Structures are given as C-alpha cells and as structure tokens.
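Novice: Before I ask anything, let me first share the structure, which is written out below as structure tokens.
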Amino acid sequence: MNTPVTQQTGNKVVLVVDDDDTTRLLTSTIMTDAGYTVLTACDGAEALEKVAEHNVDCVVTDVMMPNVNGFDLCSMIRILPDGDRIQILFMTGLDDLESIQRAYSAGANDFATKGFHPALLLERVRFLLRNQQLQDALRQSEQRLKYAQRLASLGHWERTLDGRTRAISPTVCKFLDSTDPSQVSWDYLCAHTHPDDVSFLQLNMKRAITRHSNFQLEHRYLGTNGELRILRHQGEFNRDANGEWLIYSTVQDVTENRAQEERIRFMAFHDPLTELPNRASVVRDLSRIIAGQGTERRMIAVFALSLDDFSRITSSLGQDASNAVLKAVGDCLRRQMRDSAHMSINESGDVVDELMIAHAEADKFICVVNNLQLAEAATSIAKRLQRTIATPIKAGDSELQLTASIGISIYPDDAVAANQLIDNAFTALMHTKDQKAACQLFSADLTQSARQRLSLEAQLRQAVEKEEFELYFQPRLNLADNSIRGAEAVARWRHPTLGIVGPGEFIPLLEEMGQIAEMGNLVIGMAARQAARWQRNLDQNFRISFNISPLQFSAVDLVAEIDQAVARAGTRHANLEVEVTESALMSNPEQVISTLKSLRERGMQIAMDDFGTGFSSLGMLRDLPVDILKIDRSFVMDIGVTPSGSAMVNAILLMARALSLDCVAEGVELDSQLNFLAHNNCHEAQGYLLAKPMCAADFEQWINKWQKQKASVA
Ligand code: C2E
Ligand code: MG
Ligand code: MG
C-alpha cells in the first residue's frame, strides 16, 4: 500500500548531526523531502542542546566529531529522562566494525554506512520510528494496566502447579502481608487463610489444576495483625516459553466491596434510622409465611401503627429529637418482639407466635402476628402494642408520653396477598384520623375514601415536584388615605384536571404528609419575585404578605430560605411581610420567636394572622416580635350584628394601639363594616368588599382601575 509520506511521518522530528556540511545538508534534505521536521547540529554538544530543547524522535549521527563524538552523544541521550525512546541511527564507514560495536554498546538502535542510498537511509529511519511508535503504545498500555490494577486493588501472581511463585506483584504481597516475595507460595497462602475456608480453597484449586480450567475463588485471609480480608482469585492455565504449565491469576482484595454489598442488602430491607426491617422486608417474610401455609390458612393479623400528633412533636422538638423518639419507639417495639415468647398465649388464651416488627416510614410502623386463632384477639394485641408505646420515652431532658393509633387487617378475610394486607391495615389506620389511641379494623367500605385520599396525596406530591402552585393576591386597603400599599398572597394549586384548588383542600394534607415546607419554600420564592416586580411597577414600598405554616419553622431554616429568595429575586426584606398564626407561637415559642426576631431585624414586618381565634392574650403580644394584628373574619362578621360584636373589635383596636401594633381587618364584606373600622382607626382592611384574591395579572388591572377611580373622585 502506498501511504502518503506526510501521513507516515506525522510530525516526527529528526535531528541530523554531522560536522561535515555537505553530508549534513544531503541527509537533512532527504529527511525534509520525506516530510519530517528536521533539525541539524554540527557536533555532539550542539546536538545535546537541540535534544534538550525539542521533542526529538530520531537522531541520525556521525561517529567522529569534534567536542562530543557520536558515542558520547548516544550515551548522554540515553541517560536523559525519556531518552530511551529516542531512536539513534549511526552513520559509519563501510568497514568500521569496531565503531558499529561501540555504537551498539552506547545504546544505538541501528547503523547505516556513509554513502548509503538515500532511499535506503530513509527506510531505516522509517523502520526505527515505527518501532518507536510500537514501543510507545506498549508503554502506554502497561501504564494503563498498572493504573487499572491499582484502582481495582488488583495484583497478579504466576505460579507453578505445585505452588511455587514465578512472579508476583507487590500488590499481592501487600494483600498477604508479606514483605518478601520469595516466601510467598500456595502453601503460604493456605497457612494464613481462615481455617474454615482452607479445605474449600484447596479442594477447588485441586479441581481446577486437574481440569486446567479457569477458576474464581474467594476466601477469608487472616492478616498478621489479626484483621480479616476477603481475597478473590481469578485465574487460568497457560504454558510458559519452556512449555511448563503455569497458573496465571489476579488477586483482589474485595473486603470493602463485600462489606458494601452487605450494607446495601441490609439497607434494601431495613429502615436506616431505626434499623428495623422495612415494609419490603415484611412483604417478603409475610409472603413466605402465607405461601408456606398451604390449605391450612391460619389467621394472620397485620397492624399498621402510627404515632398520634407526631408532626407536632417534630415541630416543637426539631428533627433530631423527633428522630431520637422514633428510634426509641423502634427499640421499644423490638424489645416487645424479643419478649414475644410471653405473647405466645395472649390474654384471651389464644396461641399466637412469630411477631414481626417493621418501620414503614416516618412515624409509621407495621407489626405482624402469625397463627391467630380468633380474629377478636387482634384487638387485644393492638391494645397491648398501644400500652407498649405509652411507656414514657426520654427525649432530651424531658419525658414524652406517646399514644399510637392502629389499623388492623386480617388474613385471609381482608386479603390474601401480603402487600394488600398491609395496604388494608393502613387504610383502616387512616380512618382513625384525628382520634388518639384509636384502633380500627379494616372493612371493605373503608377502601373507597382511602383510595381517594391516597390518590390526592400522590397528586400533591407531584404538584410539589412540578411546582403546580401559584399565588393569588388580595389587596389591603389603607383606611387613612384609601390607598393600596400591599396585598396578601394566598396559595392556589393549579390542578391539571380540576383547575384552581384553594388552600383549604391541600395545606392540611401537605402538613400531614410532611411536605408543607417544600411547598412553603415555593411560596416564599414566588412572593419575593412578585415583590421585586411590583416594587418596580407599582410602588417602591409595595408590600406582599405571605402565610407560613407552624411546621415550616422546624422543617427548614426559614431565615436562610427567605434571605436567599430575597437576594435571588432582587427585592428587599422590607417589601415582604410574614403572617403567622397563634398556634405557631404556641407550639415552639423559642424557635419561632428567634426566627421572627431575625426576620424583623432584616426589615420584615410580622403579622399575627387570624388574631382572636387562638389562645394568645393581648398582654402576651407585648413580648412577641409582632408588628401587625390581623383581626379574624369571625370578629369582623359580628360588627353591627350584636353590640358585643362591635365592642369586641373596638377593644382589640384600642389595645393594639396601646401596644403600638397596626391592625388589619380580615373578611370585610360590607360597607357598614368598613365604615365602622375606618371610624375606629383600624389601619387596613381586606375582604371581598374590595376584591377577592386574584392572579397577578388581574391584580395589576384591578389596581390600575382603582387608582384611576380614586384620581377621578379626587
Ligand atoms: P388567611 O391567611 O386568613 O387568608 C385569608 C383567607 O380569607 C383567604 O382564603 C381569603 O380568600 C379569604 N377571604 C378574604 N376576604 C374574605 C371575605 O370577605 N369573605 C370571606 N368569606 N373570605 C375572605 P384562602 O385563600 O382560601 O386561604 C385560606 C387560608 O389558607 C389562609 O387564611 C391561610 O391560613 C391558608 N393559606 C393560604 N395560602 C397559604 C400559604 O401559602 N401557606 C400556608 N401555610 N397557608 C396558606
Ligand atoms: Mg393570612
Ligand atoms: Mg387570616
């Protein structure tokens, strides 16, 4: 094949060294014409400089030269780093045998006689450079192999069939804790192998040797300081150059891998927090029990257990403490399982056995009792579980007394598949909602409403993921000058098929699902972005208030979340206001108050929402970081209806003024209410009389119209 010269030569650099101008010129012309990059030097010293400066691939050199001759040049090149990859071709006299020998011993790759045909000289150089390319590739692949072996913790070992080592890598010696490769042999390996694995190892190796078959073996190895390693050998049989059979194997330390696999296996079937089996584990074991029953069909009770009011515990004690509580409950149930021998005959005299306990998720646990003789016994077992949970649990410095509600389903009456039995128990549990220490047996008609709720939960989870929430804005009217300087942002869910859904339908559910903080963060982000926009388009000081669930205080770092949203949107804290309810302050006062203080220091206003519906007294307000009271709609509704209704609102207004708090009346629907409020110095009013909450675009239109109207009246 006739390959173009340039392709063959690539950008190889050839250095021509000769003190004779004519020979040097001639040789370099031949090389240049062939497409090589050519450098020249008049003697060895200059050649060495060129080699140091350039990436020379091949040196074509004369023997006898002033200063440094060809032999010395060759020896010096060979001791340079990477010098052994440079191809050196000597140009000698025709019969100068001695020079040829000296050249080879100085490290030359080849020689050519002077006066050689140019084409043949070129062939020699090409051959040398091809050789160099092959060597480079080999070196690279050896390097890669070394890296790969190091990364895989892999070493190699060649030995004779009777176990003597022929070659062994330092990595294998390290695995075997040997500093002396000559001491390592198959017998040495067996001597340090875990005693229980020795016969397995020897037997399998013997079998492989008899058949000359490839092998993979894994065994435990005892290191010198007593540590246990798991070694894996993978090998095959081949003859060496002399025809002797050898065993070529790789050896790998897989201790870490096996430990990780063990951990993964454990995690697949256990809850990481309590280390109790998880739901998947119950499904697996329960399925086995059911399958093993054959036609006998003995009763099995499945209990779904949930801690009452656990979200409150999380919000008041924080995540770490509530995790500790879950662990303690897990331990408590585990102890119960260990003591299950005592349950083998229950209070009703039924024989029960095999109690299984699992942690399904968050505050939900599963228990299974096999071999029930009477369905009614399930209820008394549930009661016993409830008593177990009611044992006081230490949480930090305080002691907690928990209660649990339980849903029960029974095999084979309620379902025959493990998964379905567990689902049914949870369906029953869901119907104990809002009750404490309740117990509910599954029945088929519970399923329909449970299904609806489950589907809503699934849709809500997606809604959070896909950010299907929007903010609607309700204007707040300043009663002193009839201006609109702010709005309350209320959340709406844009449901893919149902359209706009109000917060009453999804906020409580999100709170129960433990996802309110994710949704709350979306609200904070949207409110901040809208504040930035209206700060530019409507009014520098336009303020948007948004609602915060009590659970958000403990679930996220609210201050950081708001700081981030403000910075990202390019607005100011002063353009935002947060509305909290009294219940937030009641459940975890210290954390909530310190959060509100930090927000206030940043210039945010704090409003107490639905004031009057909770338990806080006006006196308490003095010590709270609150700027605004939002008088609940239920009070506003009574204005003018009963004398005490008006008096009540008036009292709130008067006391708020004494505490230097501003008041916003919520749910103003009538002119008479508005007049009363304005007359009694209420600061702001909000309600359907003015406008319902609207999407941002409608709000902008509404406020334009409002301003025009106001101007025309003036
Ligand atoms: P809220 O903070 O007290 O909000 C005022 C609610 O009263 C709004 O209902 C509003 O539409 C309604 N409203 C305003 N004026 C009138 C009126 O003249 N008459 C009547 N009948 N109702 C009026 P919405 O939007 O359904 O919100 C209900 C509650 O949901 C809010 O009460 C708030 O507690 C909660 N909420 C709304 N958005 C969020 C949010 O983003 N996060 C959290 N955590 N809660 C939110
Ligand atoms: Mg509100
Ligand atoms: Mg309110």
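By order in the structure tokens, chains are A, B, ...; within a chain, residues start at 1; ligands start at 1, following the order shown.
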Residues within 8 Å of ligand 1, counting only C-alpha atoms and all ligand atoms: report them as a PyMOL selection string.
Specialist: chain A and resi 471-472+474+488-492+502-504+507+516+519-520+523+546-550+579+581+609-610+632-633+666-669+686-689+691-693
Novice: Write out as a PyMOL selection string the residues lying within 12 Å of segment 390-397 of chain A, counting only C-alpha atoms and excluding same-chain residues fewer than 4 positions away.
Specialist: chain A and resi 307-308+313-314+316-333+336+383-386+401-405+436-437
Novice: Create the file for the chosen residues now, containing C-alpha atoms and written as an mmCIF file, in the first residue's frame.
Specialist:
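Listing of result-v3.cif after writing:
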```
data_model
loop_
_atom_site.group_PDB
_atom_site.id
_atom_site.type_symbol
_atom_site.label_atom_id
_atom_site.label_comp_id
_atom_site.auth_asym_id
_atom_site.auth_seq_id
_atom_site.Cartn_x
_atom_site.Cartn_y
_atom_site.Cartn_z
ATOM 1 C CA LEU A 307 -47.830 7.834 66.450
ATOM 2 C CA ASP A 308 -50.532 10.385 67.211
ATOM 3 C CA ILE A 313 -43.546 16.659 68.162
ATOM 4 C CA THR A 314 -41.317 17.341 65.165
ATOM 5 C CA SER A 316 -41.774 21.551 68.748
ATOM 6 C CA LEU A 317 -38.665 19.425 69.379
ATOM 7 C CA GLY A 318 -36.984 19.654 65.997
ATOM 8 C CA GLN A 319 -35.870 16.924 63.588
ATOM 9 C CA ASP A 320 -33.030 15.444 65.654
ATOM 10 C CA ALA A 321 -35.112 14.956 68.754
ATOM 11 C CA SER A 322 -38.013 13.503 66.799
ATOM 12 C CA ASN A 323 -35.618 11.041 65.129
ATOM 13 C CA ALA A 324 -34.447 10.046 68.596
ATOM 14 C CA VAL A 325 -38.064 9.485 69.611
ATOM 15 C CA LEU A 326 -38.636 7.255 66.569
ATOM 16 C CA LYS A 327 -35.533 5.247 67.450
ATOM 17 C CA ALA A 328 -36.752 4.861 70.991
ATOM 18 C CA VAL A 329 -40.159 3.683 69.766
ATOM 19 C CA GLY A 330 -38.376 1.259 67.433
ATOM 20 C CA ASP A 331 -36.313 -0.120 70.332
ATOM 21 C CA CYS A 332 -39.415 -0.399 72.451
ATOM 22 C CA LEU A 333 -41.197 -2.409 69.761
ATOM 23 C CA GLN A 336 -41.620 -6.338 72.579
ATOM 24 C CA LYS A 383 -54.156 -2.700 72.872
ATOM 25 C CA ARG A 384 -51.001 -4.368 74.156
ATOM 26 C CA LEU A 385 -48.977 -2.626 71.421
ATOM 27 C CA GLN A 386 -50.574 0.670 72.412
ATOM 28 C CA GLN A 401 -45.788 10.000 76.751
ATOM 29 C CA LEU A 402 -46.825 8.974 73.282
ATOM 30 C CA THR A 403 -50.010 7.446 72.015
ATOM 31 C CA ALA A 404 -50.448 5.428 68.874
ATOM 32 C CA SER A 405 -53.398 4.618 66.653
ATOM 33 C CA LYS A 436 -55.974 9.452 69.701
ATOM 34 C CA ALA A 437 -55.012 5.922 70.735
#
```
Novice: As number ranges by chain, please: all residues of segment 358-544 of chain A that backbone DSSP puts in strand (DSSP E).
Specialist: A: 358-361, 364-372, 393-395, 398-400, 404-411, 439-441, 469-478, 483-495, 499-501, 543-544
Novice: Find, counting only C-alpha atoms and all ligand atoms, the residue in A:Ala714, A:Leu479, A:Ala685, A:Val56 that gets nearest to ligand 3.
Specialist: A:Ala685
Novice: Looking at only C-alpha atoms and all ligand atoms, which of A:Met267, A:Met608, A:Leu576, A:Ala375 is the one that sits closest to ligand 3?
Specialist: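 Result for the nearest residue to ligand 3: A:Met608.
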